[in-house]
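K.L.:
Below is the file input_4.txt, which contains compact mmCIF, C-alpha atoms.
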```txt
# COMPACT_ATOMS: atom_id res chain seq x y z
CA MET A 1 -23.94 68.24 -1.68
CA SER A 2 -21.97 68.35 -4.92
CA GLY A 3 -18.23 68.19 -5.34
CA VAL A 4 -17.89 65.45 -2.78
CA GLU A 5 -15.27 62.90 -3.71
CA GLU A 6 -17.76 60.10 -4.51
CA ASN A 7 -15.76 58.60 -7.33
CA THR A 8 -12.34 58.22 -5.80
CA PRO A 9 -11.22 54.60 -5.37
CA GLU A 10 -11.57 52.89 -2.00
CA VAL A 11 -8.95 54.00 0.51
CA THR A 12 -6.42 51.39 1.57
CA ARG A 13 -6.72 50.76 5.26
CA ASP A 14 -3.05 50.60 6.11
CA ASP A 15 -1.45 51.07 9.53
CA PRO A 16 -1.25 54.87 9.34
CA MET A 17 -4.99 54.90 8.58
CA ILE A 18 -5.75 52.67 11.56
CA ALA A 19 -3.61 54.96 13.72
CA ALA A 20 -5.70 57.91 12.51
CA GLU A 21 -8.96 56.11 13.25
CA TRP A 22 -7.71 55.25 16.71
CA ALA A 23 -6.53 58.80 17.44
CA LEU A 24 -9.94 60.09 16.42
CA GLY A 25 -11.53 57.55 18.77
CA LEU A 26 -13.38 55.51 16.15
CA LEU A 27 -12.05 52.07 17.02
CA GLU A 28 -13.88 49.73 19.37
CA GLY A 29 -13.89 46.11 20.50
CA GLU A 30 -11.36 43.80 18.93
CA GLU A 31 -9.93 46.43 16.62
CA LEU A 32 -9.20 48.66 19.58
CA LEU A 33 -7.46 45.80 21.38
CA ALA A 34 -5.40 45.02 18.29
CA ALA A 35 -4.36 48.66 17.93
CA ARG A 36 -3.26 48.80 21.57
CA GLY A 37 -1.20 45.67 21.11
CA LYS A 38 0.41 47.06 17.99
CA TYR A 39 1.20 50.32 19.80
CA ALA A 40 3.22 48.38 22.37
CA THR A 41 5.20 46.39 19.84
CA ASP A 42 5.47 48.49 16.66
CA PRO A 43 7.39 51.78 16.99
CA ASP A 44 6.27 53.05 13.57
CA PHE A 45 2.66 52.54 14.47
CA ALA A 46 3.16 54.19 17.88
CA TRP A 47 4.90 57.12 16.22
CA ARG A 48 2.03 57.59 13.79
CA LYS A 49 -0.61 57.41 16.52
CA GLU A 50 1.18 60.13 18.44
CA TRP A 51 1.60 62.14 15.25
CA TRP A 52 -2.17 62.18 14.84
CA ASP A 53 -2.70 62.92 18.55
CA ASP A 54 -0.40 65.93 18.27
CA TRP A 55 -2.21 67.26 15.23
CA PHE A 56 -5.69 66.75 16.63
CA ALA A 57 -4.84 68.18 20.05
CA PRO A 58 -5.40 71.88 19.19
CA LEU A 59 -8.99 71.06 18.25
CA SER A 60 -9.72 70.55 21.93
CA ASP A 61 -9.36 74.32 22.39
CA ALA A 62 -12.94 74.51 21.20
CA MET A 63 -14.05 72.49 24.23
CA PRO A 64 -14.95 74.92 27.00
CA GLY A 65 -13.09 74.45 30.27
CA ALA A 66 -14.91 73.42 33.43
CA GLU A 67 -14.02 73.40 37.12
CA PRO A 68 -14.00 69.92 38.70
CA GLY A 69 -15.16 69.42 42.29
CA GLU A 70 -12.61 69.92 45.04
CA HIS A 71 -12.85 66.26 46.03
CA VAL A 72 -11.10 65.30 42.78
CA TRP A 73 -7.73 66.55 43.97
CA ASP A 74 -8.34 65.13 47.44
CA GLY A 75 -8.90 61.74 45.86
CA ILE A 76 -5.72 62.00 43.81
CA ALA A 77 -3.70 63.11 46.83
CA ALA A 78 -5.09 60.27 48.94
CA ARG A 79 -4.15 57.69 46.32
CA LEU A 80 -0.67 59.10 45.99
CA ALA A 81 -0.21 59.11 49.74
CA ALA A 82 -1.36 55.49 50.03
CA GLN A 83 1.06 54.40 47.33
CA GLN A 84 3.83 56.51 48.76
CA GLU A 85 3.47 54.84 52.14
CA ASN A 86 3.94 51.47 50.52
CA ALA A 87 6.98 52.54 48.57
CA PRO A 88 8.96 55.21 50.45
CA ALA A 89 12.13 54.38 48.54
CA ALA A 90 10.57 54.49 45.11
CA ASN A 91 11.35 58.16 44.59
CA ALA A 92 14.95 57.83 45.64
CA ALA A 93 16.14 56.24 42.43
CA PRO A 94 13.32 56.10 39.96
CA ALA A 95 15.41 56.26 36.81
CA ALA A 96 17.29 52.98 37.18
CA ASN A 97 14.18 51.17 38.31
CA VAL A 98 12.14 52.38 35.41
CA VAL A 99 14.72 51.39 32.84
CA ALA A 100 15.06 47.90 34.30
CA LEU A 101 11.31 47.55 34.55
CA GLU A 102 10.65 48.73 31.06
CA ALA A 103 13.07 46.17 29.71
CA LYS A 104 11.35 43.56 31.81
CA VAL A 105 7.91 44.55 30.64
CA ARG A 106 9.00 44.40 27.03
CA ARG A 107 10.16 40.86 27.65
CA TRP A 108 6.79 39.92 29.13
CA GLN A 109 5.08 41.21 26.05
CA TRP A 110 7.32 39.01 23.99
CA VAL A 111 6.83 35.96 26.12
CA ALA A 112 3.21 36.23 27.01
CA GLY A 113 1.76 38.51 24.35
CA MET A 114 0.27 40.69 27.04
CA SER A 115 -1.84 43.60 25.96
CA SER A 116 -0.17 46.96 26.27
CA MET A 117 -2.73 47.88 28.91
CA ALA A 118 -1.84 44.94 31.09
CA ALA A 119 1.84 45.70 30.63
CA ALA A 120 1.31 49.29 31.62
CA VAL A 121 -0.57 48.24 34.70
CA ALA A 122 2.09 45.74 35.62
CA LEU A 123 4.74 48.40 35.21
CA ALA A 124 2.73 50.75 37.36
CA LEU A 125 2.31 48.07 39.99
CA PHE A 126 6.05 47.71 40.37
CA ALA A 127 6.19 51.34 41.33
CA PHE A 128 4.08 50.62 44.38
CA ALA A 129 5.48 47.24 45.24
CA PRO A 130 6.61 47.05 48.88
CA ALA A 131 9.56 49.09 50.02
CA ARG A 132 12.98 48.19 48.76
CA SER A 133 16.19 50.10 48.76
CA PRO A 134 17.47 51.28 45.42
CA VAL A 135 20.60 49.15 45.71
CA GLU A 136 18.89 45.83 46.04
CA ALA A 137 16.12 46.62 43.59
CA PRO A 138 17.40 44.67 40.58
CA SER A 139 17.90 41.39 42.40
CA GLN A 140 14.53 41.71 44.10
CA ILE A 141 12.85 42.23 40.80
CA ALA A 142 14.51 39.13 39.44
CA ALA A 143 13.45 37.12 42.47
CA ALA A 144 9.88 38.28 42.20
CA ALA A 145 9.34 37.22 38.61
CA PRO A 146 5.69 37.79 37.85
CA MET A 147 3.39 35.09 36.62
CA VAL A 148 0.98 35.65 33.81
CA ALA A 149 -1.99 33.80 32.43
CA THR A 150 -4.05 34.54 29.37
CA VAL A 151 -7.57 33.22 29.25
CA PRO A 152 -8.84 33.30 25.66
CA ILE A 153 -12.59 33.65 25.40
CA GLY A 154 -13.86 31.22 22.79
CA GLU A 155 -13.14 32.24 19.22
CA THR A 156 -13.72 35.93 19.86
CA GLY A 157 -10.07 36.95 19.92
CA LEU A 158 -10.82 38.60 23.26
CA ARG A 159 -9.08 37.45 26.38
CA LEU A 160 -8.44 38.12 30.02
CA ASP A 161 -4.91 39.04 30.94
CA VAL A 162 -4.05 38.02 34.47
CA THR A 163 -0.79 39.07 36.05
CA TYR A 164 0.31 38.01 39.51
CA ILE A 165 3.27 39.62 41.22
CA PRO A 166 4.35 37.32 44.07
CA GLU A 167 6.35 39.95 45.93
CA SER A 168 3.38 42.26 46.30
CA GLU A 169 0.69 39.57 46.58
CA ARG A 170 -1.19 41.56 44.04
CA MET A 171 -3.01 40.33 41.01
CA VAL A 172 -4.21 42.36 38.05
CA VAL A 173 -7.09 41.18 35.92
CA ALA A 174 -7.47 43.08 32.65
CA ALA A 175 -10.75 42.58 30.87
CA ILE A 176 -10.34 45.35 28.34
CA GLY A 177 -12.50 44.99 25.26
CA LEU A 178 -15.11 42.81 26.98
CA THR A 179 -18.58 44.24 27.36
CA PRO A 180 -21.28 43.17 29.80
CA ASP A 181 -24.36 41.48 28.29
CA GLY A 182 -26.58 42.73 31.09
CA VAL A 183 -27.81 39.29 32.19
CA HIS A 184 -24.66 37.40 33.14
CA ASP A 185 -21.52 37.98 35.12
CA HIS A 186 -18.36 35.96 34.75
CA GLU A 187 -16.54 34.67 37.79
CA LEU A 188 -12.85 33.83 37.81
CA TRP A 189 -11.63 30.75 39.72
CA LEU A 190 -8.22 29.56 40.79
CA VAL A 191 -7.76 25.87 40.01
CA PRO A 192 -4.98 24.71 42.38
CA LYS A 193 -2.44 22.32 40.91
CA ASP A 194 -2.75 19.96 43.90
CA GLY A 195 -6.37 19.17 43.13
CA SER A 196 -7.77 21.01 46.14
CA PRO A 197 -11.10 22.84 45.74
CA LEU A 198 -11.46 25.81 43.41
CA GLN A 199 -11.18 29.23 44.99
CA SER A 200 -13.11 32.23 43.76
CA LEU A 201 -11.08 35.22 42.55
CA GLY A 202 -14.21 37.27 42.15
CA VAL A 203 -16.43 38.51 39.38
CA VAL A 204 -14.69 39.92 36.31
CA LYS A 205 -15.49 43.53 35.53
CA PRO A 206 -15.88 43.78 31.75
CA GLY A 207 -13.89 46.58 30.23
CA GLU A 208 -11.86 47.23 33.35
CA VAL A 209 -8.41 46.59 34.65
CA ARG A 210 -8.80 45.54 38.24
CA SER A 211 -6.05 45.15 40.78
CA MET A 212 -6.57 43.09 43.93
CA THR A 213 -4.58 41.99 46.92
CA LEU A 214 -4.80 38.25 47.45
CA SER A 215 -5.26 36.47 50.75
CA ALA A 216 -2.62 34.05 52.03
CA ALA A 217 -5.01 31.13 51.46
CA ILE A 218 -5.00 31.94 47.77
CA THR A 219 -1.35 32.85 47.27
CA ALA A 220 -0.40 29.50 48.86
CA LYS A 221 -2.07 27.73 45.95
CA LEU A 222 -0.93 30.14 43.28
CA GLY A 223 2.19 28.68 41.73
CA GLU A 224 3.47 27.83 38.29
CA GLY A 225 0.99 25.58 36.53
CA ALA A 226 -1.97 26.70 38.63
CA GLY A 227 -5.04 27.00 36.45
CA LEU A 228 -7.73 29.59 35.95
CA ALA A 229 -11.31 28.95 34.96
CA LEU A 230 -13.98 31.42 33.98
CA THR A 231 -17.60 30.47 34.63
CA ARG A 232 -20.81 32.08 33.48
CA GLU A 233 -23.00 33.06 36.42
CA PRO A 234 -26.09 35.11 37.18
CA LEU A 235 -25.42 38.82 37.80
CA GLY A 236 -23.42 39.19 40.99
CA GLY A 237 -21.60 35.87 40.67
CA LYS A 238 -22.26 32.33 41.84
CA PRO A 239 -25.16 32.28 44.32
CA ALA A 240 -24.20 30.73 47.68
CA GLY A 241 -25.26 27.11 48.01
CA LYS A 242 -25.53 26.56 44.26
CA ASP A 243 -23.14 24.92 41.85
CA ALA A 244 -20.96 27.13 39.71
CA GLY A 245 -22.15 27.79 36.16
CA PRO A 246 -20.59 26.39 32.98
CA VAL A 247 -16.87 26.92 32.37
CA VAL A 248 -16.52 29.24 29.39
CA ALA A 249 -12.75 29.70 29.31
CA LYS A 250 -9.56 28.34 30.86
CA GLY A 251 -5.93 29.30 31.22
CA SER A 252 -2.90 28.59 33.37
CA PHE A 253 -0.10 30.56 34.98
CA THR A 254 3.44 30.63 33.66
CA ARG A 255 6.39 32.38 35.23
CA VAL A 256 8.05 34.90 32.91
CA MET B 1 -9.20 89.21 29.78
CA ALA B 2 -8.65 87.25 26.61
CA ALA B 3 -5.60 89.19 25.52
CA ARG B 4 -3.06 87.80 27.90
CA PRO B 5 0.44 88.91 27.00
CA ARG B 6 2.35 86.43 24.86
CA LEU B 7 5.32 86.46 27.18
CA GLN B 8 3.25 85.28 30.10
CA ALA B 9 1.91 82.41 28.04
CA ASP B 10 5.43 81.36 27.08
CA GLU B 11 6.45 81.46 30.71
CA ALA B 12 3.44 79.43 31.71
CA ARG B 13 4.24 76.85 29.06
CA GLU B 14 7.82 76.63 30.28
CA ALA B 15 6.63 76.29 33.89
CA LEU B 16 4.40 73.40 32.87
CA ARG B 17 7.13 71.74 30.84
CA ASP B 18 9.44 72.07 33.83
CA ALA B 19 6.84 70.56 36.17
CA MET B 20 6.38 67.62 33.78
CA ALA B 21 10.14 67.01 33.77
CA ARG B 22 10.25 67.11 37.57
CA LEU B 23 7.35 64.70 37.78
CA ALA B 24 9.08 62.30 35.41
CA ALA B 25 12.11 62.44 37.70
CA GLY B 26 9.96 61.36 40.62
CA ASP B 27 9.08 64.70 42.24
CA GLN B 28 5.56 64.08 43.43
CA SER B 29 4.91 67.71 44.38
CA ALA B 30 5.08 68.62 40.69
CA LEU B 31 1.80 66.80 40.17
CA GLU B 32 -0.15 69.32 42.24
CA GLU B 33 1.35 72.15 40.24
CA ILE B 34 0.33 70.45 37.00
CA TYR B 35 -3.15 69.77 38.37
CA ARG B 36 -3.68 73.41 39.35
CA ALA B 37 -2.55 74.59 35.96
CA THR B 38 -4.42 72.14 33.75
CA ARG B 39 -7.49 70.79 35.60
CA VAL B 40 -9.97 73.22 34.03
CA LYS B 41 -8.93 72.43 30.49
CA LEU B 42 -8.68 68.68 31.03
CA PHE B 43 -11.97 68.48 32.93
CA GLY B 44 -13.59 70.40 30.09
CA ILE B 45 -12.41 67.62 27.78
CA THR B 46 -13.47 64.61 29.89
CA LEU B 47 -16.83 66.28 30.57
CA ARG B 48 -17.41 66.98 26.88
CA ILE B 49 -16.65 63.39 25.89
CA LEU B 50 -18.35 61.58 28.76
CA GLY B 51 -21.32 63.90 29.27
CA ASP B 52 -21.65 63.06 32.95
CA ARG B 53 -20.03 65.04 35.74
CA LYS B 54 -19.35 62.10 38.04
CA GLU B 55 -17.85 59.98 35.24
CA ALA B 56 -15.84 62.93 34.01
CA GLU B 57 -14.43 63.53 37.50
CA ASP B 58 -13.49 59.86 37.85
CA ALA B 59 -11.82 60.00 34.46
CA LEU B 60 -9.96 63.15 35.49
CA GLN B 61 -8.67 61.45 38.60
CA ASP B 62 -7.44 58.55 36.46
CA VAL B 63 -5.72 60.98 34.13
CA TYR B 64 -3.57 62.51 36.88
CA ILE B 65 -2.80 59.22 38.63
CA ASN B 66 -1.78 57.79 35.29
CA LEU B 67 0.22 60.85 34.51
CA TRP B 68 2.14 60.42 37.72
CA GLN B 69 2.92 56.84 36.79
CA ARG B 70 3.83 57.61 33.19
CA ALA B 71 5.19 61.17 33.09
CA ASP B 72 8.40 59.81 31.59
CA ARG B 73 6.48 59.12 28.39
CA TYR B 74 6.11 62.82 27.67
CA ASP B 75 8.71 63.91 25.15
CA PRO B 76 9.28 67.67 25.44
CA SER B 77 10.45 67.89 21.83
CA ARG B 78 7.20 66.51 20.45
CA ALA B 79 4.38 68.79 21.42
CA SER B 80 3.52 71.52 23.86
CA PRO B 81 2.82 69.99 27.26
CA ILE B 82 -0.79 71.16 27.33
CA ALA B 83 -1.43 69.69 23.87
CA TRP B 84 0.02 66.38 25.01
CA LEU B 85 -2.04 66.44 28.20
CA ALA B 86 -5.17 67.32 26.25
CA ALA B 87 -4.67 64.30 23.97
CA PHE B 88 -3.91 62.13 27.00
CA ALA B 89 -7.12 63.20 28.76
CA ARG B 90 -9.25 62.76 25.67
CA ASN B 91 -7.80 59.29 25.04
CA ARG B 92 -8.58 58.25 28.61
CA ALA B 93 -12.13 59.55 28.34
CA ILE B 94 -12.67 57.74 25.02
CA ASP B 95 -11.29 54.54 26.59
CA ARG B 96 -13.95 54.82 29.26
CA LEU B 97 -16.63 55.40 26.67
CA ARG B 98 -15.50 52.34 24.69
CA THR B 99 -15.16 49.90 27.56
CA GLY B 100 -18.87 49.84 28.24
CA LYS B 101 -18.74 51.72 31.52
CA VAL B 102 -20.62 54.74 30.33
CA ARG B 103 -23.90 54.60 28.54
CA GLY B 104 -24.46 58.29 27.98
CA GLY B 105 -23.00 60.24 25.10
CA ALA B 106 -21.29 63.57 24.96
CA VAL B 107 -22.94 66.77 26.14
CA PRO B 108 -23.78 69.33 23.51
CA VAL B 109 -21.41 72.28 23.66
CA GLU B 110 -23.98 74.64 25.11
CA GLU B 111 -24.65 72.35 28.08
CA ALA B 112 -21.04 72.12 29.15
CA ALA B 113 -20.94 75.29 31.18
CA PRO B 114 -18.21 77.60 29.98
CA LEU B 115 -15.94 79.07 32.56
CA ALA B 116 -14.76 82.61 33.00
CA ASP B 117 -11.25 83.19 31.78
CA GLU B 118 -9.50 83.40 35.09
CA ASN B 119 -7.49 80.24 35.16
CA PRO B 120 -3.78 80.32 34.62
CA LEU B 121 -2.43 78.22 31.76
CA ALA B 122 -5.71 76.67 30.77
CA ASP B 123 -6.10 78.52 27.54
CA ALA B 124 -5.46 78.42 23.86
CA LEU B 125 -2.31 80.50 24.05
CA LEU B 126 -0.43 77.50 25.29
CA VAL B 127 -1.08 75.45 22.21
CA ASP B 128 1.14 76.26 19.28
CA ALA B 129 -0.66 78.89 17.23
CA GLU B 130 0.75 77.77 13.89
CA GLN B 131 -0.16 74.17 14.50
CA THR B 132 -3.67 75.20 15.46
CA ALA B 133 -4.08 77.26 12.31
CA GLN B 134 -2.80 74.39 10.16
CA ILE B 135 -5.16 71.68 11.43
CA HIS B 136 -8.10 74.03 11.01
CA LYS B 137 -6.96 74.90 7.51
CA CYS B 138 -6.55 71.24 6.49
CA LEU B 139 -9.87 70.24 8.04
CA GLY B 140 -11.53 73.21 6.36
CA ALA B 141 -10.26 72.00 2.99
CA LEU B 142 -12.38 68.83 3.26
CA ASP B 143 -15.93 68.82 1.97
CA ALA B 144 -18.44 70.00 4.57
CA ARG B 145 -20.01 66.58 5.09
CA THR B 146 -16.77 64.72 5.79
CA GLN B 147 -15.55 67.54 7.96
CA GLY B 148 -18.73 67.38 10.02
CA HIS B 149 -18.34 63.65 10.64
CA ILE B 150 -14.68 63.93 11.61
CA ARG B 151 -15.54 66.72 14.02
CA ALA B 152 -18.39 64.69 15.51
CA ALA B 153 -15.98 61.82 16.12
CA PHE B 154 -13.48 64.13 17.79
CA PHE B 155 -15.84 66.23 19.87
CA GLU B 156 -18.54 63.74 20.74
CA GLY B 157 -16.57 60.50 20.79
CA LYS B 158 -18.88 58.94 18.19
CA THR B 159 -18.08 55.56 16.65
CA TYR B 160 -18.46 54.70 12.95
CA ALA B 161 -21.71 52.92 13.75
CA GLN B 162 -23.16 55.92 15.59
CA LEU B 163 -22.12 58.31 12.85
CA ALA B 164 -23.64 56.05 10.19
CA GLU B 165 -26.86 55.83 12.15
CA SER B 166 -27.25 59.55 12.67
CA ALA B 167 -26.46 60.25 9.00
CA ASP B 168 -28.74 57.38 7.97
CA VAL B 169 -26.19 55.78 5.64
CA PRO B 170 -24.74 52.24 5.56
CA LEU B 171 -21.77 51.65 7.87
CA GLY B 172 -19.48 50.95 4.90
CA THR B 173 -20.35 54.28 3.32
CA MET B 174 -19.53 56.18 6.50
CA LYS B 175 -16.23 54.33 6.80
CA SER B 176 -15.19 55.24 3.24
CA TRP B 177 -16.19 58.88 3.69
CA ILE B 178 -14.14 59.24 6.83
CA ARG B 179 -11.16 57.25 5.56
CA ARG B 180 -10.99 59.36 2.42
CA GLY B 181 -11.17 62.43 4.60
CA LEU B 182 -8.40 61.19 6.87
CA GLN B 183 -6.24 60.36 3.88
CA ARG B 184 -6.61 63.89 2.52
CA LEU B 185 -6.09 65.35 5.97
CA ARG B 186 -2.84 63.44 6.34
CA ALA B 187 -1.60 64.58 2.93
CA CYS B 188 -2.40 68.20 3.80
CA LEU B 189 -0.71 68.04 7.21
CA GLU B 190 2.36 66.31 5.81
CA ALA B 191 2.63 68.93 3.07
CA SER B 192 2.64 71.62 5.74
CA GLU B 193 5.39 69.81 7.65
CA ALA B 194 7.54 69.58 4.54
CA ALA B 195 7.09 73.28 3.72
```
Kindly transcribe the structure held in the file into structure tokens.
P.N.:
Amino acid sequence: MSGVEENTPEVTRDDPMIAAEWALGLLEGEELLAARGKYATDPDFAWRKEWWDDWFAPLSDAMPGAEPGEHVWDGIAARLAAQQENAPAANAAPAANVVALEAKVRRWQWVAGMSSMAAAVALALFAFAPARSPVEAPSQIAAAAPMVATVPIGETGLRLDVTYIPESERMVVAAIGLTPDGVHDHELWLVPKDGSPLQSLGVVKPGEVRSMTLSAAITAKLGEGAGLALTREPLGGKPAGKDAGPVVAKGSFTRV
Amino acid sequence: MAARPRLQADEAREALRDAMARLAAGDQSALEEIYRATRVKLFGITLRILGDRKEAEDALQDVYINLWQRADRYDPSRASPIAWLAAFARNRAIDRLRTGKVRGGAVPVEEAAPLADENPLADALLVDAEQTAQIHKCLGALDARTQGHIRAAFFEGKTYAQLAESADVPLGTMKSWIRRGLQRLRACLEASEAA
């Protein structure tokens, strides 16, 4: 193995290099999260990531094709149909909506420092928010200002991004970058502002972005200033009849 | 079968580009057209990276749902549509691999069953031939060891730590090898763009 460039000085790890590492798929954990955030906010970085993606793409020609099962398309079609039913007007005037929403999402990123993933999911959610006519869309969007909460996890730099969209009664919990330890689960709790008992929002799925529809009992308590707490529990969440585990992280909702 | 006429490939590429534009404008029926044309190639990619049929099918489903939601992000002036979709699918598969959902690694090439060439659009002719030649040329100019590691990252979705382990070198060494390689690769590709 001679002639290898052993003696060249250490390479500077600048943004274009990080973009290359990301495009190749080498980043993980916190670095991956940071790169995603930068992609959403830094056009030069985003441009460079896509530059590398474009260049690497032809390499995938060496990957042999394969035929997926027929159920794959059925699943896609079913999901489209379900979303279509909820938003029959969405296709009528997508362009104006998308522009308004993109501007809105950019503002959220500014205000709340949401991860690009959470922003993308929130944007996607608007597309299936309940039916509205194209004409009244802008005012409805303004009225249904989403609420966001970030729940930082200790000193790890990792966090949960929680977005609640009142109009749709949907909540998105993004736990990208978190990995399961195999012995614990973490359960998310709503801490109502009025001091009433905590309500479970379910077990957090590490590494996933999960969307859920909330019950009326929960949305009634979910207003500005409502808190979130994350507790450490045995696998599967808090056992019935036992006290919740220790609180490992907290956050609260703000309207954006 | 391999020698499909160039003209047909150009037409297929245009058809796909057109379907992507219609999808971005909100025409849901365009998605089925795109799926028919690209599923074999994209499933080949998610299967190669994830190494598990069920996971790869889930990832494929995500790819098309996501595509429907974000078709407006495709810029026709940037890359051929199939190249863009290929990168999109690979990125989604890698995301899955990195978020702790999948434990398994990639399948070796010989285990991912190849498919007879009978699928419209899903072939190399759709990717820009010059661009393909250039990336191979620039990769080929790297020393064999670095080239091997960069390929393993691309084709098997390996992380720095996994590459260092299989090469039995310290993590820092692997990082410098690959970063030097990427730096040279970038210089080579940029030189070709300027030419």
K.L.:
With the cut-off set at 7 Å and counting all atoms listed in the file, tabulate each residue of chain B with an atom at most that distance from an atom of chain A, showing the nearest atom pair and its distance in Å to one decimal, ordered by chain and increasing number, as a tab-separated table.
P.N.:
```
residue	atom	partner	partner_atom	distance
B:Ala25	CA	A:Pro94	CA	6.8
B:Gly26	CA	A:Asn91	CA	5.3
B:Val40	CA	A:Ala66	CA	5.0
B:Lys41	CA	A:Gly65	CA	4.6
B:Phe43	CA	A:Ala66	CA	5.8
B:Gly44	CA	A:Gly65	CA	4.1
B:Ile45	CA	A:Met63	CA	6.2
B:Arg48	CA	A:Met63	CA	7.0
B:Glu57	CA	A:Val72	CA	6.5
B:Gln61	CA	A:Ile76	CA	6.0
B:Ile65	CA	A:Ile76	CA	6.6
B:Gln69	CA	A:Ala124	CA	6.1
B:Ala79	CA	A:Asp54	CA	6.4
B:Ala83	CA	A:Ala57	CA	5.3
B:Trp84	CA	A:Asp54	CA	6.8
B:Ala86	CA	A:Ala57	CA	6.3
B:Ala87	CA	A:Ala57	CA	5.5
B:Ile94	CA	A:Gly25	CA	6.4
B:Arg98	CA	A:Glu28	CA	6.1
B:Thr99	CA	A:Gly207	CA	4.4
B:Gly100	CA	A:Thr179	CA	5.7
B:Ala113	CA	A:Ala66	CA	6.7
B:Pro114	CA	A:Pro64	CA	5.2
B:Leu115	CA	A:Ala66	CA	5.8
B:Ala124	CA	A:Asp61	CA	5.8
B:Val127	CA	A:Pro58	CA	6.4
B:Thr132	CA	A:Pro58	CA	5.3
B:Ile135	CA	A:Trp55	CA	6.5
B:Asp143	CA	A:Val4	CA	6.1
B:Ala153	CA	A:Leu24	CA	6.3
B:Phe154	CA	A:Leu24	CA	5.5
B:Gly157	CA	A:Gly25	CA	6.2
B:Lys158	CA	A:Leu26	CA	6.8
B:Thr159	CA	A:Leu26	CA	4.7
B:Tyr160	CA	A:Leu26	CA	6.1
B:Ser176	CA	A:Glu10	CA	6.8
B:Arg179	CA	A:Val11	CA	6.4
B:Arg180	CA	A:Val11	CA	6.0
```
K.L.:
Please report the interatomic distance between atom CA of A:Arg210 and atom CA of A:Val172 in Å with one decimal.
P.N.:
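One can read the atom CA of A:Arg210 to atom CA of A:Val172 distance as 5.6 Å.
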K.L.:
Between atom CA of B:Asp72 and atom CA of B:Ala24, what is the distance, to one decimal in Å?
P.N.:
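Distance reported for this atom pair: 4.6 Å.
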K.L.:
Could you please determine the separation between atom CA of A:Pro239 and atom CA of A:Met171 in Å, to one decimal place?
P.N.:
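Between these atoms lies a distance of 23.8 Å.
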K.L.:
Could you please give me, as a ChimeraX atom specification, the residues of protein, DNA or RNA lying at most 9 Å from (-21.1, 55.4, 10.1) in the coordinate frame of the file, considering only C-alpha atoms?
P.N.:
/B:149,159-175,177-178
K.L.:
Compare B:Asn66, B:Ala21, B:Gly181, B:Ser77 by their minimum atom-to-atom distance to B:Arg151, counting only C-alpha atoms, and give me the closest one.
P.N.:
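The closest residue to B:Arg151 is B:Gly181.
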K.L.:
Identify, on the basis of all atoms listed in the file, every residue whose closest approach to stretch 213-228 of chain A does not exceed 7 Å; exclude the query and any residue fewer than 4 positions from it along the same chain; express the result as a list of chain:residue names.
P.N.:
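Everything that qualifies: A:Glu169, A:Arg170, A:Met171, A:Leu188, A:Trp189, A:Leu190, A:Val191, A:Pro192, A:Lys193, A:Lys250, A:Gly251, A:Ser252, A:Phe253, A:Thr254, A:Arg255.
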K.L.:
May I have the selected residues written with C-alpha atoms, as a PDB file, in the frame of the given file?
P.N.:
```pdb
ATOM      1  CA  GLU A 169       0.690  39.570  46.580  1.00  0.00           C
ATOM      2  CA  ARG A 170      -1.190  41.560  44.040  1.00  0.00           C
ATOM      3  CA  MET A 171      -3.010  40.330  41.010  1.00  0.00           C
ATOM      4  CA  LEU A 188     -12.850  33.830  37.810  1.00  0.00           C
ATOM      5  CA  TRP A 189     -11.630  30.750  39.720  1.00  0.00           C
ATOM      6  CA  LEU A 190      -8.220  29.560  40.790  1.00  0.00           C
ATOM      7  CA  VAL A 191      -7.760  25.870  40.010  1.00  0.00           C
ATOM      8  CA  PRO A 192      -4.980  24.710  42.380  1.00  0.00           C
ATOM      9  CA  LYS A 193      -2.440  22.320  40.910  1.00  0.00           C
ATOM     10  CA  LYS A 250      -9.560  28.340  30.860  1.00  0.00           C
ATOM     11  CA  GLY A 251      -5.930  29.300  31.220  1.00  0.00           C
ATOM     12  CA  SER A 252      -2.900  28.590  33.370  1.00  0.00           C
ATOM     13  CA  PHE A 253      -0.100  30.560  34.980  1.00  0.00           C
ATOM     14  CA  THR A 254       3.440  30.630  33.660  1.00  0.00           C
ATOM     15  CA  ARG A 255       6.390  32.380  35.230  1.00  0.00           C
TER      16      ARG A 255
END
```
K.L.:
Looking at B:Glu193, B:Glu55, B:Glu33, B:Asp95, which one is nearest to B:Ala19, with distances taken over all atoms listed in the file?
P.N.:
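Closest residue, counting all atoms listed in the file: B:Glu33.
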K.L.:
Give me the residues near B:Arg17 as a list in words, where near means some atom within 9 Å (using all atoms listed in the file) and where sequence neighbours in that chain fewer than 6 positions away do not count.
P.N.:
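Non-adjacent residues within range: Pro76, Ser80, Pro81 and Ile82 of chain B.
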